[in-house]
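Down below is the structure, laid out as structure tokens.
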Amino acid sequence: MPLRTLGKARIGAFGLDQIEVLSDEQIGAIGTGALASLPTETIAALDADQIDGLTASQVAALSAAQIGVIALDDIMAFPEAKIAAIATAAIAALSNDVIAALDPDQIGALTVSQIAALTAGQLGVIAADDIMEFSTDKIAALGTASIPGLSPDGIAALDDVQIAVLSTAQIGALTVSQVAALTADRVGVLSSAQIGAFSAAQIAAIASDDIAGLSGEEVAAINPAAIGGLAPARIAAFDIDQIGGLTPQQFAAMSFGQVSALTLGHVQALSAAQIGGLTSLMSFGTDKLEALTTAQMSGLGTAAIAGLSGAQIEALSADQIEALTEQQTAALTSAQLAAMAAEDIERFSTGDIAAISTSAIAGLAVDRFAALSTSQLMAFTQVQVNAMTQDQVNALLAAYQEF
């Protein structure tokens with residue numbers, strides 16, 4: 001009776017001594033269902049010639065446990081068709097030593113689904129030269145759990161087309177060492193979506209020269225949550241195009257040190273929307289504050305306004321003070337009002353006067369009332385007057401009586 005016609009039960013009843021005497025042709029004649037039913041110790045007992053006798057269809061029927069007991073030398077002897085036939089679920093059963101021993105043709109024979117099933121350890125032992133030969137479909141199939149296993153050399157070996165097909169999830173799975181291995185050319189081909197997938201730690205790992213090569217559009221793609229990965233020195237080295245690419249959201253996420261690193265030229269180039277993203281100007285020196293245009297002043301957020309020190313307020317010109325909106329004026333503190341010169345207060349509109357908060361009104365020096373116009377004096381609300389000190393009320397009445 002041909003072996004192919006024997007069922008699982010009969011083949012499974014064969015003892016090791018009976019299996020061991022089967023020729024490679026007889027092994028190749030065993031049905032796939034019957035072969036898959038053999039215990040692992042039986043598969044492990046097969047010699048090299050018997051393993052060689054397995055057909056691609058039989059190899060495809062082997063379970064992970066069965067594949068896992070086949071000797072390294074026997075797997076190394078598999079032709080490409082048998083390598084490609086290994087079930088996806090069985091790929092992970094191949095030891096790292098087995099994967100490392102496969103020749104370039106065998107690695108090249110791995111299918112897209114097999115590539116997707118590789119573990120991080122398995123991927124890590126594949127030579128960089130073999131990774132270079134992966135099709136874009138295979139690169140795209142690499143699992144996020146296995147991506148970290150790819151050696152830095154393997155990452156560096158990827159060409160522009162391979163880099164371009166990496167998904168945002170794959171980009172996010174790269175280790176710091178892998179990101180550091182990216183060359184300037186590879187960083188240069190990353191899409192905005194890919195750049196946006198980088199974490200702060202990954203951004204920090206990109207070489208300074210590679211960061212310097214980013215366009216304004218690419219800089220804009222950095223996730224605000226990752227902007228902290230840019231060292232202050234790298235911010236300071238940005239050209240005007242790169243500074244122009246930064247979004248208000250990115251500015252809002254910057255640290256004190258990063259904001260401090262902005263040069264005078266950078267500050268002068270910021271749009272009102274960009275500067276509006278800054279939540280604090282505490283790191284700005286006199287030169288940077290004096291450089292702010294009236295449009296930039298109007299664009300500042302109320303938190304940034306409220307955070308200005310008395311010395312910084314004193315450094316602002318009357319024109320800059322005049323540019324403050326009513327919302328910004330409402331954010332001024334008592335100490336900030338006290339730091340303003342008389343000519344600054346004179347520039348307040350009636351809306352600004354009415355916007356001064358009751359908590360800040362005490363900062364208005366009594367001698368400032370005399371410099372105000374009738375319309376300004378009349379703009380004070382009853383609520384504000386109620387919050388004034390007696391000296392301020394007296395100064396207000398005296399100034400009003402002068403008209």
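In the structure tokens, the first chain shown is A, the next is B, and so on; residue numbers restart at 1 for each chain, and ligands run from 1 in the order shown.
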
Excluding Gln249 (chain A) and residues on its chain fewer than 4 positions from it, collect all residues at most 7 Å away from it, counting only C-alpha atoms, and give them as a PDB file with N, CA and C atoms, in the first residue's frame.
ATOM      1  N   PRO A 224       4.706  68.497  18.242  1.00  0.00           N
ATOM      2  CA  PRO A 224       4.985  69.397  19.377  1.00  0.00           C
ATOM      3  C   PRO A 224       5.426  68.639  20.633  1.00  0.00           C
ATOM      4  N   ALA A 253       5.292  74.377  23.184  1.00  0.00           N
ATOM      5  CA  ALA A 253       5.873  73.208  23.843  1.00  0.00           C
ATOM      6  C   ALA A 253       7.343  73.391  24.197  1.00  0.00           C
ATOM      7  N   GLY A 277       2.445  81.637  20.283  1.00  0.00           N
ATOM      8  CA  GLY A 277       2.558  80.310  20.853  1.00  0.00           C
ATOM      9  C   GLY A 277       3.431  80.253  22.088  1.00  0.00           C
TER      10      GLY A 277
END

Determine which residues of region 157-401 of chain A DSSP labels as alpha helix (DSSP H) from the backbone of this structure, then write them out as number ranges by chain. A: 157, 160-164, 168-173, 176-180, 184-188, 192-196, 200-205, 208-212, 216-220, 232-236, 240-245, 248-252, 256-260, 264-269, 272-276, 286-291, 294-299, 302-306, 310-315, 318-322, 326-330, 334-339, 342-346, 350-355, 374-379, 382-387, 390-401

Leu110 (chain A): which residues within 9 Å, counting only C-alpha atoms, same-chain residues fewer than 6 positions away excluded, as a count of residues only? 6

Which one is closest to Glu322 (chain A): A:Ala303, A:Ala338, A:Asp52, A:Gly351? Count only C-alpha atoms.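 Of all the options, A:Gly351 lies closest to Glu322 (chain A).
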
Hey, what's within 7 Å of Ala141 (chain A) if we count only C-alpha atoms and toss same-chain stuff fewer than 3 positions away? As an MDAnalysis selection string, please? chainID A and resid 112 115:116 137:138

Phe238 (chain A) environment, 9 Å, only C-alpha atoms, sequence neighbours closer than 2 positions dropped, as number ranges by chain: A: 211-212, 233-236, 240-243, 262, 266

Serialized selection, C-alpha atoms, as a PDB file, in the first residue's frame:
ATOM      1  CA  ILE A 211      18.736  68.367  11.771  1.00  0.00           C
ATOM      2  CA  ALA A 212      20.454  71.324  10.148  1.00  0.00           C
ATOM      3  CA  ALA A 233      22.099  74.540  20.624  1.00  0.00           C
ATOM      4  CA  ARG A 234      20.217  73.048  17.693  1.00  0.00           C
ATOM      5  CA  ILE A 235      17.491  75.669  18.000  1.00  0.00           C
ATOM      6  CA  ALA A 236      20.146  78.371  18.031  1.00  0.00           C
ATOM      7  CA  ILE A 240      15.461  81.698   9.213  1.00  0.00           C
ATOM      8  CA  ASP A 241      13.636  79.225   6.950  1.00  0.00           C
ATOM      9  CA  GLN A 242      13.646  76.614   9.716  1.00  0.00           C
ATOM     10  CA  ILE A 243      12.527  79.132  12.317  1.00  0.00           C
ATOM     11  CA  LEU A 262      16.350  81.893  19.991  1.00  0.00           C
ATOM     12  CA  HIS A 266      15.092  84.542  15.031  1.00  0.00           C
TER      13      HIS A 266
END

Can you pull out every residue within 9 Å of Asp129 (chain A), counting only C-alpha atoms, but drop anything in the same chain fewer than 3 positions away, and send it as a PDB file with N, CA and C atoms, in the first residue's frame?
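And here is the file that came out, selection-v5.pdb:
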ATOM      1  N   PRO A 104      21.998  34.336   1.300  1.00  0.00           N
ATOM      2  CA  PRO A 104      21.221  35.441   0.716  1.00  0.00           C
ATOM      3  C   PRO A 104      20.031  34.987  -0.135  1.00  0.00           C
ATOM      4  N   ILE A 126      19.884  39.033  10.602  1.00  0.00           N
ATOM      5  CA  ILE A 126      19.939  39.087   9.137  1.00  0.00           C
ATOM      6  C   ILE A 126      20.950  40.148   8.730  1.00  0.00           C
ATOM      7  N   MET A 132      19.246  45.014   2.548  1.00  0.00           N
ATOM      8  CA  MET A 132      19.271  45.912   1.394  1.00  0.00           C
ATOM      9  C   MET A 132      18.459  45.367   0.223  1.00  0.00           C
ATOM     10  N   GLU A 133      18.365  44.045   0.154  1.00  0.00           N
ATOM     11  CA  GLU A 133      17.680  43.417  -0.974  1.00  0.00           C
ATOM     12  C   GLU A 133      16.183  43.224  -0.738  1.00  0.00           C
ATOM     13  N   GLY A 154      21.829  47.607   9.604  1.00  0.00           N
ATOM     14  CA  GLY A 154      20.709  47.262   8.741  1.00  0.00           C
ATOM     15  C   GLY A 154      19.880  48.479   8.394  1.00  0.00           C
ATOM     16  N   ALA A 157      21.641  50.621   5.951  1.00  0.00           N
ATOM     17  CA  ALA A 157      21.709  50.021   4.620  1.00  0.00           C
ATOM     18  C   ALA A 157      20.457  50.270   3.786  1.00  0.00           C
TER      19      ALA A 157
END

Could you name the residues that touch Gly124 (chain A) at 6 Å or less, counting only C-alpha atoms, but leaving out those on the same chain fewer than 4 positions away, as number ranges by chain? A: 149-151

Could you check the closest approach to Ala339 (chain A) for each of A:Asn96, A:Thr286, A:Gln312, A:Thr279 and tell me which residue wins, using only C-alpha atoms? A:Gln312
